[in-house]
Every structure is written in C-alpha cells, then in structure tokens.
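Asks: The file below is my_file_23.txt, compact mmCIF, C-alpha atoms and all ligand atoms:
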# COMPACT_ATOMS: atom_id res chain seq x y z
CA MET S 12 18.48 -4.71 12.61
CA ILE S 13 14.99 -4.79 11.12
CA GLU S 14 14.20 -7.22 8.35
CA VAL S 15 10.96 -6.91 6.44
CA ARG S 16 10.38 -9.88 4.18
CA GLY S 17 7.55 -10.00 1.62
CA VAL S 18 5.20 -8.01 3.83
CA THR S 19 1.71 -7.31 2.55
CA ILE S 20 -0.94 -5.62 4.69
CA ARG S 21 -4.53 -5.61 3.50
CA TYR S 22 -7.68 -4.04 4.90
CA GLY S 23 -10.46 -5.92 3.10
CA ARG S 24 -9.81 -5.14 -0.56
CA THR S 25 -7.36 -2.30 0.12
CA VAL S 26 -3.72 -3.27 -0.21
CA ALA S 27 -1.96 -0.79 2.10
CA VAL S 28 1.49 -2.42 1.98
CA ASP S 29 2.34 -4.45 -1.10
CA ASP S 30 4.99 -7.17 -0.87
CA VAL S 31 7.63 -5.00 0.80
CA ASP S 32 11.22 -6.12 1.46
CA LEU S 33 13.45 -3.86 3.55
CA THR S 34 16.59 -4.28 5.58
CA LEU S 35 17.24 -1.53 8.11
CA PRO S 36 20.57 -1.69 9.97
CA ALA S 37 20.43 -0.46 13.58
CA ASP S 38 21.53 2.90 15.00
CA THR S 39 20.52 5.00 12.03
CA ILE S 40 18.00 7.81 11.56
CA TYR S 41 15.58 6.95 8.76
CA GLY S 42 13.12 9.28 7.06
CA LEU S 43 10.01 7.54 5.76
CA LEU S 44 8.36 9.63 3.06
CA GLY S 45 5.23 8.98 1.08
CA ARG S 46 2.06 10.65 -0.06
CA ASN S 47 -1.18 10.35 1.88
CA GLY S 48 -2.38 6.77 1.98
CA SER S 49 0.90 5.34 0.66
CA GLY S 50 1.08 2.83 3.54
CA LYS S 51 3.55 4.45 5.94
CA THR S 52 1.48 4.08 9.13
CA SER S 53 0.51 0.52 8.21
CA LEU S 54 4.15 -0.47 7.69
CA LEU S 55 5.27 1.33 10.86
CA SER S 56 2.52 -0.43 12.87
CA ALA S 57 3.95 -3.76 11.75
CA LEU S 58 7.50 -2.70 12.72
CA ALA S 59 6.18 -1.59 16.12
CA CYS S 60 4.63 -5.02 16.90
CA TYR S 61 1.09 -3.55 16.64
CA ARG S 62 -0.08 -5.12 13.42
CA LYS S 63 0.37 -8.61 12.03
CA PRO S 64 1.10 -8.49 8.32
CA THR S 65 -1.45 -10.29 6.16
CA THR S 66 1.50 -12.12 4.65
CA GLY S 67 5.25 -11.93 5.17
CA THR S 68 7.38 -11.40 8.26
CA VAL S 69 8.89 -8.54 10.24
CA LEU S 70 11.97 -9.52 12.23
CA VAL S 71 13.47 -7.14 14.78
CA ASP S 72 16.86 -8.31 16.01
CA GLY S 73 16.03 -11.72 14.58
CA GLU S 74 12.67 -12.14 16.34
CA GLU S 75 9.18 -11.95 14.88
CA ALA S 76 7.80 -8.55 15.94
CA PHE S 77 4.03 -8.98 16.18
CA GLU S 78 2.86 -8.91 19.83
CA ASN S 79 6.35 -9.90 20.93
CA PRO S 80 6.76 -8.48 24.47
CA ARG S 81 10.56 -8.50 24.31
CA ILE S 82 10.56 -6.42 21.13
CA ALA S 83 7.62 -4.23 22.27
CA ARG S 84 9.52 -3.26 25.44
CA ARG S 85 12.41 -2.03 23.29
CA THR S 86 10.15 -0.14 20.87
CA SER S 87 8.51 3.25 21.20
CA PHE S 88 5.79 4.04 18.66
CA ILE S 89 4.57 7.64 18.75
CA ARG S 90 1.51 8.43 16.65
CA ASP S 91 -1.28 10.98 16.85
CA THR S 92 -3.48 8.87 19.15
CA LEU S 93 -0.79 9.13 21.89
CA ASP S 94 -1.98 5.97 23.69
CA VAL S 95 -2.32 7.84 27.02
CA GLN S 96 -5.62 8.51 28.84
CA ASP S 97 -6.95 12.04 28.31
CA GLY S 98 -7.77 12.52 32.00
CA TYR S 99 -4.11 12.18 33.08
CA ARG S 100 -1.87 15.12 33.75
CA VAL S 101 1.30 15.34 31.66
CA SER S 102 3.37 14.58 34.77
CA ALA S 103 1.30 11.42 35.34
CA ALA S 104 1.91 10.35 31.74
CA PHE S 105 5.65 10.75 32.41
CA CYS S 106 5.38 8.63 35.61
CA LEU S 107 3.38 5.95 33.81
CA THR S 108 5.94 5.79 31.00
CA GLU S 109 8.76 5.62 33.56
CA SER S 110 7.11 2.60 35.23
CA LEU S 111 6.87 0.79 31.89
CA ARG S 112 10.09 1.80 30.18
CA PRO S 113 13.53 0.87 31.51
CA GLY S 114 15.32 3.49 29.39
CA TRP S 115 13.12 6.43 30.52
CA ASP S 116 15.19 9.48 31.49
CA ALA S 117 13.00 11.61 33.80
CA GLU S 118 15.52 14.43 33.95
CA TYR S 119 15.71 14.61 30.17
CA ALA S 120 11.90 14.54 29.90
CA GLY S 121 11.75 17.50 32.30
CA LYS S 122 14.38 19.35 30.29
CA LEU S 123 12.45 18.74 27.06
CA ALA S 124 9.24 19.96 28.68
CA ASP S 125 11.07 23.19 29.62
CA VAL S 126 12.67 23.65 26.21
CA LEU S 127 9.44 22.91 24.36
CA GLN S 128 7.36 24.87 26.90
CA LEU S 129 4.97 22.12 27.91
CA ASP S 130 3.28 22.67 31.29
CA THR S 131 3.51 19.26 32.97
CA ARG S 132 0.67 20.12 35.39
CA LYS S 133 -1.87 20.31 32.57
CA ARG S 134 -4.34 17.54 31.87
CA ILE S 135 -3.85 15.88 28.51
CA SER S 136 -7.48 16.70 27.63
CA ALA S 137 -6.59 20.41 28.02
CA LEU S 138 -3.60 20.36 25.66
CA SER S 139 -3.78 22.08 22.28
CA ARG S 140 -3.11 20.04 19.12
CA GLY S 141 0.51 21.22 18.99
CA GLN S 142 1.01 20.61 22.74
CA ARG S 143 -0.25 17.04 22.33
CA SER S 144 2.39 16.56 19.64
CA VAL S 145 5.03 18.03 21.95
CA LEU S 146 3.99 15.49 24.59
CA GLY S 147 4.32 12.73 21.98
CA VAL S 148 7.84 13.71 21.00
CA ILE S 149 8.91 13.99 24.66
CA LEU S 150 7.54 10.50 25.34
CA GLY S 151 9.29 9.25 22.21
CA LEU S 152 12.68 10.83 22.89
CA ALA S 153 12.92 10.43 26.68
CA THR S 154 12.02 6.73 26.46
CA ARG S 155 15.30 6.21 24.56
CA ALA S 156 13.96 3.00 23.07
CA PRO S 157 16.43 1.13 20.84
CA LEU S 158 13.72 1.34 18.15
CA THR S 159 11.95 4.71 18.20
CA ILE S 160 9.21 5.22 15.63
CA LEU S 161 7.76 8.69 15.22
CA ASP S 162 4.80 8.75 12.84
CA GLU S 163 4.32 12.38 11.75
CA PRO S 164 5.03 13.53 15.28
CA TYR S 165 4.94 17.28 14.69
CA LEU S 166 1.26 17.83 13.71
CA GLY S 167 0.17 21.25 14.92
CA MET S 168 3.63 22.11 16.27
CA ASP S 169 4.73 25.61 15.27
CA ALA S 170 7.99 26.29 13.40
CA VAL S 171 9.89 27.15 16.59
CA ALA S 172 8.78 23.98 18.38
CA ARG S 173 9.63 21.85 15.32
CA THR S 174 13.10 23.38 15.03
CA LEU S 175 13.76 22.78 18.72
CA PHE S 176 12.50 19.22 18.38
CA TYR S 177 14.81 18.46 15.41
CA ARG S 178 17.74 19.92 17.34
CA GLU S 179 16.97 17.84 20.43
CA LEU S 180 16.42 14.69 18.40
CA LEU S 181 19.80 15.01 16.69
CA ALA S 182 21.69 15.90 19.89
CA ASP S 183 20.11 13.03 21.82
CA TYR S 184 20.68 10.58 18.97
CA LEU S 185 24.38 11.49 18.86
CA ALA S 186 24.66 10.99 22.63
CA HIS S 187 22.53 7.81 22.62
CA PRO S 188 22.61 6.20 19.16
CA ARG S 189 19.52 4.14 18.37
CA THR S 190 17.28 3.36 15.44
CA ILE S 191 14.89 6.22 14.79
CA ILE S 192 12.30 6.12 12.01
CA LEU S 193 10.45 9.36 11.40
CA SER S 194 7.63 9.58 8.88
CA THR S 195 7.05 13.04 7.51
CA HIS S 196 5.64 15.24 4.79
CA LEU S 197 7.95 18.15 5.65
CA ILE S 198 10.80 16.84 3.55
CA GLU S 199 13.20 19.75 3.12
CA GLU S 200 12.72 20.80 6.72
CA VAL S 201 13.92 17.52 8.19
CA ALA S 202 16.11 16.12 5.42
CA GLU S 203 19.26 17.22 7.26
CA LEU S 204 18.42 14.80 10.06
CA PHE S 205 18.10 11.68 7.99
CA GLU S 206 20.98 9.36 7.23
CA ARG S 207 18.78 7.28 4.97
CA ILE S 208 15.50 7.97 3.21
CA ILE S 209 12.80 5.48 2.32
CA ILE S 210 10.10 6.56 -0.12
CA MET S 211 6.82 4.62 -0.23
CA ASP S 212 4.37 4.91 -3.06
CA ARG S 213 1.06 3.05 -3.20
CA GLY S 214 2.20 0.42 -0.74
CA ARG S 215 5.58 -0.23 -2.34
CA ILE S 216 9.10 0.90 -1.60
CA LEU S 217 9.98 3.21 -4.43
CA LEU S 218 13.43 3.99 -3.14
CA HIS S 219 15.69 3.39 -0.13
CA ASP S 220 19.05 5.12 -0.15
CA GLU S 221 21.45 7.36 1.72
CA THR S 222 20.25 10.95 1.89
CA ASP S 223 23.49 12.24 0.35
CA ALA S 224 23.12 9.91 -2.63
CA LEU S 225 19.57 11.17 -3.20
CA ARG S 226 20.66 14.78 -3.14
CA GLY S 227 22.74 14.23 -6.27
CA ARG S 228 20.14 12.10 -7.93
CA GLY S 229 17.78 14.53 -9.64
CA VAL S 230 19.33 16.95 -12.15
CA THR S 231 17.60 19.68 -14.14
CA VAL S 232 18.90 20.56 -17.59
CA THR S 233 17.67 23.69 -19.33
CA GLY S 234 18.36 25.18 -22.75
CA PRO S 235 17.23 25.29 -26.38
CA ALA S 236 14.60 22.57 -26.85
CA GLU S 237 16.37 20.49 -29.53
CA ARG S 238 19.73 20.47 -27.66
CA VAL S 239 18.09 19.51 -24.37
CA THR S 240 16.22 16.71 -26.13
CA ALA S 241 19.45 15.44 -27.70
CA PHE S 242 21.27 15.59 -24.36
CA ALA S 243 18.51 13.65 -22.60
CA HIS S 244 18.76 10.74 -25.02
CA GLY S 245 19.39 7.56 -23.02
CA HIS S 246 18.44 9.15 -19.66
CA THR S 247 15.29 8.61 -17.62
CA VAL S 248 13.21 11.78 -17.74
CA LEU S 249 11.35 12.49 -14.48
CA GLY S 250 9.65 15.69 -15.59
CA GLU S 251 9.57 18.36 -18.25
CA GLN S 252 8.55 21.93 -18.94
CA SER S 253 8.72 23.90 -22.18
CA LEU S 254 8.24 27.57 -22.92
CA ALA S 255 8.97 29.51 -26.11
CA GLY S 256 11.61 27.17 -27.48
CA VAL S 257 13.30 26.63 -24.08
CA ARG S 258 13.01 23.19 -22.55
CA ALA S 259 13.72 22.17 -18.95
CA LEU S 260 13.98 18.48 -18.20
CA THR S 261 14.43 16.75 -14.89
CA LEU S 262 16.68 13.73 -15.32
CA ASP S 263 17.24 10.80 -13.03
CA GLY S 264 20.93 11.23 -12.18
CA PRO S 265 23.57 11.44 -11.07
CA LEU S 266 25.17 12.53 -14.34
CA ASP S 267 28.78 12.02 -15.30
CA PRO S 268 30.74 15.29 -14.70
CA ASP S 269 32.29 15.00 -18.19
CA GLU S 270 28.83 14.78 -19.68
CA ILE S 271 27.74 17.88 -17.76
CA ALA S 272 30.86 19.76 -18.95
CA ARG S 273 30.04 18.82 -22.57
CA GLY S 274 26.44 19.98 -22.07
CA GLU S 275 27.61 23.29 -20.61
CA ARG S 276 29.91 23.87 -23.60
CA ASP S 277 26.83 23.29 -25.74
CA GLY S 278 24.96 26.09 -23.91
CA LEU S 279 22.95 23.98 -21.48
CA ALA S 280 22.45 24.88 -17.81
CA PHE S 281 22.42 22.25 -15.06
CA GLY S 282 21.08 22.40 -11.53
CA PRO S 283 20.47 20.04 -8.62
CA LEU S 284 16.95 18.99 -7.77
CA GLY S 285 15.91 19.45 -4.13
CA LEU S 286 14.75 16.38 -2.23
CA GLN S 287 11.20 17.71 -2.07
CA ASP S 288 11.10 18.15 -5.87
CA LEU S 289 12.66 14.72 -6.41
CA PHE S 290 10.00 13.24 -4.13
CA VAL S 291 7.21 15.03 -6.02
CA HIS S 292 8.59 13.87 -9.38
CA LEU S 293 8.91 10.28 -8.22
CA THR S 294 5.51 10.01 -6.58
CA SER S 295 3.26 12.12 -8.80
CA GLN S 296 2.76 9.59 -11.59
CA PRO S 297 -0.95 8.95 -12.22
CA LEU S 298 -2.24 5.49 -11.35
CA GLU S 299 -2.55 4.53 -15.04
CA ALA S 300 1.18 5.17 -15.61
CA THR S 301 2.17 2.56 -13.09
CA ARG S 302 -0.24 -0.17 -14.12
N1 LIG E 401 -7.93 0.51 9.61
C1 LIG E 401 -8.05 0.62 8.29
N2 LIG E 401 -9.11 0.10 7.63
C2 LIG E 401 -9.23 0.18 6.30
N3 LIG E 401 -8.33 0.78 5.48
C3 LIG E 401 -7.26 1.33 6.07
C4 LIG E 401 -7.07 1.30 7.50
N4 LIG E 401 -5.90 1.91 7.78
C5 LIG E 401 -5.40 2.35 6.61
N5 LIG E 401 -6.22 2.00 5.58
C6 LIG E 401 -5.97 2.26 4.14
O1 LIG E 401 -4.68 1.78 3.85
C7 LIG E 401 -4.01 2.67 2.97
C8 LIG E 401 -2.69 3.09 3.62
O2 LIG E 401 -2.98 3.85 4.80
P1 LIG E 401 -1.85 4.36 5.79
O3 LIG E 401 -2.52 5.02 6.93
O4 LIG E 401 -0.94 3.23 6.07
O5 LIG E 401 -1.09 5.43 4.87
P2 LIG E 401 -0.12 6.65 5.26
O6 LIG E 401 0.96 6.64 4.25
O7 LIG E 401 0.28 6.55 6.69
O8 LIG E 401 -1.07 7.90 5.02
P3 LIG E 401 -1.00 9.44 5.63
O9 LIG E 401 0.28 10.06 5.16
O10 LIG E 401 -2.20 10.06 5.01
O11 LIG E 401 -1.10 9.32 7.12
C9 LIG E 401 -4.96 3.81 2.68
O12 LIG E 401 -5.61 3.54 1.48
C10 LIG E 401 -5.94 3.74 3.83
O13 LIG E 401 -7.21 4.21 3.42
What would you get if you wrote out this structure as structure tokens?
Ligand SMILES: Nc1ncnc2c1ncn2[C@@H]1O[C@H](COP(=O)(O)OP(=O)(O)OP(=O)(O)O)[C@@H](O)[C@H]1O

Replies:
Amino acid sequence: MIEVRGVTIRYGRTVAVDDVDLTLPADTIYGLLGRNGSGKTSLLSALACYRKPTTGTVLVDGEEAFENPRIARRTSFIRDTLDVQDGYRVSAAFCLTESLRPGWDAEYAGKLADVLQLDTRKRISALSRGQRSVLGVILGLATRAPLTILDEPYLGMDAVARTLFYRELLADYLAHPRTIILSTHLIEEVAELFERIIIMDRGRILLHDETDALRGRGVTVTGPAERVTAFAHGHTVLGEQSLAGVRALTLDGPLDPDEIARGERDGLAFGPLGLQDLFVHLTSQPLEATR
C-alpha cells in the first residue's frame, strides 16, 4: 500500500507536484497519465525513494520512502537514464542486478531478451534508443520488485516490441502479482493493461479511478443544436463542436440509460468517448481556465 499525503515537490519556483494525496492499494497495475511537465516523473521519484518531497510524506507499506533501504530494495524504478554504466555489456547489467535484487529471475530475463530480441553480448553504449528501452523493461520485469515503477519505458521501442512488452507484463503480473505503475502517453495502446488510471494535470491529481469506470465516463451527444443544448442542461460539458445547425457536445458522464433513451427518441445520437479523447478533454484547458 502506498500512501501519499499532502505531497508538494518544488524546484525553485516551479511547483512540479502540488499538494497531492493518493492511496494506492498493492498488487494492482496503475496507469499514470499526464501531459508533458505535469509532474509524473517527480511524483514517481518520490514513490521510488529517490526524491524527498518539499512537504508532505510518502509511505510505502507504512514506512517513509525517502532513502529508506528496506523500501528501496523492494522497489524497481525504470526511467530513461537506466542507472547502469554504459561500458557494461547487457549480460553484466543482468549479473549486477541479480547481485542486488533478491527477486531477480535470470531465466526469465534471458527469455525476455530472446522474445524482445536483445543481444545480451552487446555493450550498453552500443544499444539503439529502442534497445536501451528494451533493456530497461527487462530489468524492470525480471527484478519482480513488489513495487515496480516504469516511467515511459517504451521510448524508441517499435510497435512489435511494445506489443510483446505489454503481453509479457500482463502475463508476468498475473503469475506474480505486484504493484506496477506505468507512466505513459500512449493511452489507448496500453489502457487494456491498467486496472486503475491516475491522471495528473499541472502537478495535481485530476482523477483516479478504475479504468472500466472511466470508459463509461465521457459521452458524446450529437443532433440539432437547440435539442442538444436542452439535453445538456445540468450536465458538465467537456467539449463542443458545431457545424451547420448540428451540435456535438462531450458530456461528463456516465448518463442515466433512461435519459439516453429519451434523448434518442428526441433524435439525438450518443456515443462513448475513448480514454484518449477523455484525457485530452480533461487536460486541455488553458491555464487561465483553471486559475
Ligand atoms: N530537476 C529539475 N529542476 C527544475 N525543474 C524541474 C526538474 N525536474 C522537473 N522540473 C520541472 O517540474 C515540472 C514537472 O516535471 P516532470 O518531469 O515531473 O513532469 P512529467 O509529467 O514527468 O513530464 P514528461 O511527460 O514531459 O516527462 C516541469 O515543469 C519541469 O520543468
């Protein structure tokens, strides 16, 4: 269980994480979504014992996380810097991780290297951008840490490698349940993996809910402008488009099925909003609108 209580992280005058409270039960796959600079890496660094919040506390299994060796040993934080010396061969990086990590599964790491086509004899300095990411996800998965944090782990990985990675992550999670937090911009592509989704916006938690609940949340309603406007009365409008007397509104749902049936009888059309579109609607407000 991770408990984030009133956490603020500042860099000089920049507030990267702004008074965040979060409770994350264990053995769940979380998706952390947010636009560039929304504070994801800063928050993840605090969860991974790397960064002390400016104010507030992060408790992992009841203990303060920052520089806590007991928590650090049980946490794997994979980010683009990789934290392994460039001069090492991939096989040496595996051996080093094995010596440090009690949960390391060498056989599984070898299998992942085969599946994801990573040559373990290569020096890390000789890996392509995508191959470095593959190394990162192998280190992250094969460590089997109770808290595994993957911060945009797929950079440069092609579509085949990403698909294989998602498949492996899910299969290994089902066999060895643990807490996995994956930050991503590729929302639709990975949404199937997530049990819960957290959306950050400008340092704050905009939303934290089960993925299935979010799927039903955004609803589009389309039809003659005046009828759509009347229908939307009393609902929160997330977005709108109008063309030649036809209006399409995106409403914050879910809507009551009876209400939808009434709308349909009145000539309105309803559709679900994809997670990516919901995310864009929720996080595309200009700064002024939120002040
Ligand atoms: N070491 C640092 N020094 C100063 N400012 C920083 C530092 N790290 C992050 N920031 C600032 O904090 C804010 C949040 O950055 P952070 O990297 O946490 O966001 P992010 O959501 O991970 O972004 P991205 O999706 O682009 O990786 C940004 O405004 C960023 O410029």

Asks: Please write out the residues within 9 Å of ligand LIG 401 (chain E) as a ChimeraX atom specification, counting all atoms listed in the file.

Replies: /S:20-28,44-56,162-163,194-196,211-214

Asks: Pick from S:Leu204, S:Ala241, S:Leu266, S:Cys60: nearest to Phe176 in chain S, with only C-alpha atoms counted?

Replies: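 Using only C-alpha atoms, Phe176 in chain S sits closest to S:Leu204.
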
Asks: One number please: CA of Gln287 in chain S to CA of Ala57 in chain S, in Å, one decimal.

Replies: 26.5 Å

Asks: Anything within 12 Å of (13.4, 10.0, -6.1): list those residues as a PyMOL selection string, counting only C-alpha atoms and sticking to the file's coordinates.

Replies: chain S and resi 44-45+208-212+216-222+224-230+247-250+261-265+284-296

Asks: Would you pick out the contacts of Glu14 in chain S at 6 Å or less, using all atoms listed in the file, so that residues sharing its chain but fewer than 6 positions from it are not included, and give the list as a list of chain:residue names?

Replies: S:Leu33, S:Thr34, S:Val69, S:Leu70

Asks: Using all atoms listed in the file, which of S:Phe205, S:Phe77, S:Phe242, S:Phe88 sits nearest Val148 in chain S?

Replies: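 Closest residue, counting all atoms listed in the file: S:Phe88.
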
Asks: My list of candidates is S:Ile191, S:Pro268, S:Val145, S:Thr66. Which is closest to Thr174 in chain S when distances are computed with only C-alpha atoms?

Replies: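 Of S:Ile191, S:Pro268, S:Val145, S:Thr66, the one nearest Thr174 in chain S is S:Val145, counting only C-alpha atoms.
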
Asks: Quick one: distance from CA of Asp116 in chain S to CA of Arg155 in chain S in Å, one decimal?

Replies: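 Here the two named atoms are 7.7 Å from each other.
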
Asks: Within 9 Å of Arg85 in chain S, counting all atoms listed in the file, which residues qualify if same-chain residues fewer than 3 places away don't, as a CSV table (one decimal) with C-alpha atoms, keeping the file's coordinate frame?

Replies:
chain,number,residue,atom,x,y,z
S,80,PRO,CA,6.8,-8.5,24.5
S,81,ARG,CA,10.6,-8.5,24.3
S,82,ILE,CA,10.6,-6.4,21.1
S,112,ARG,CA,10.1,1.8,30.2
S,113,PRO,CA,13.5,0.9,31.5
S,114,GLY,CA,15.3,3.5,29.4
S,155,ARG,CA,15.3,6.2,24.6
S,156,ALA,CA,14.0,3.0,23.1
S,157,PRO,CA,16.4,1.1,20.8
S,158,LEU,CA,13.7,1.3,18.2
S,159,THR,CA,12.0,4.7,18.2

Asks: Rounded to one decimal, what separation in Å do you get between CA of Ala137 in chain S and CA of Arg100 in chain S?

Replies: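 That distance, rounded to one decimal, is 9.1 Å.
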
Asks: Rank S:Thr86, S:Gln252, S:Ser110, S:Ser144 by their smallest atom-to-atom distance to Asp72 in chain S, using all atoms listed in the file, and report the top residue only.

Replies: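 Smallest separation from Asp72 in chain S among the options: S:Thr86.
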
Asks: Which is closest to Ala170 in chain S among S:Arg143, S:Asp277, S:Glu200, S:Thr190, if we use all atoms listed in the file?

Replies: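 With all atoms listed in the file as the atom set, the closest residue is S:Glu200.
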
Asks: Enclose range 276-285 of chain S, meaning all of its atoms listed in the file, in a box aligned along x, y and z, pad it by 5 Å on each side, and list the centre and edge lengths in Å to one decimal, as AutoDock Vina command-line options.

Replies:
--center_x 22.9 --center_y 22.5 --center_z -14.9 --size_x 24.0 --size_y 17.1 --size_z 31.6

Asks: For the point (6.5, 4.3, 19.1) in the file's frame, write as a PyMOL selection string all residues with an atom no more than 7 Å away, counting all atoms listed in the file.

Replies: chain S and resi 59+86-90+151+159-161
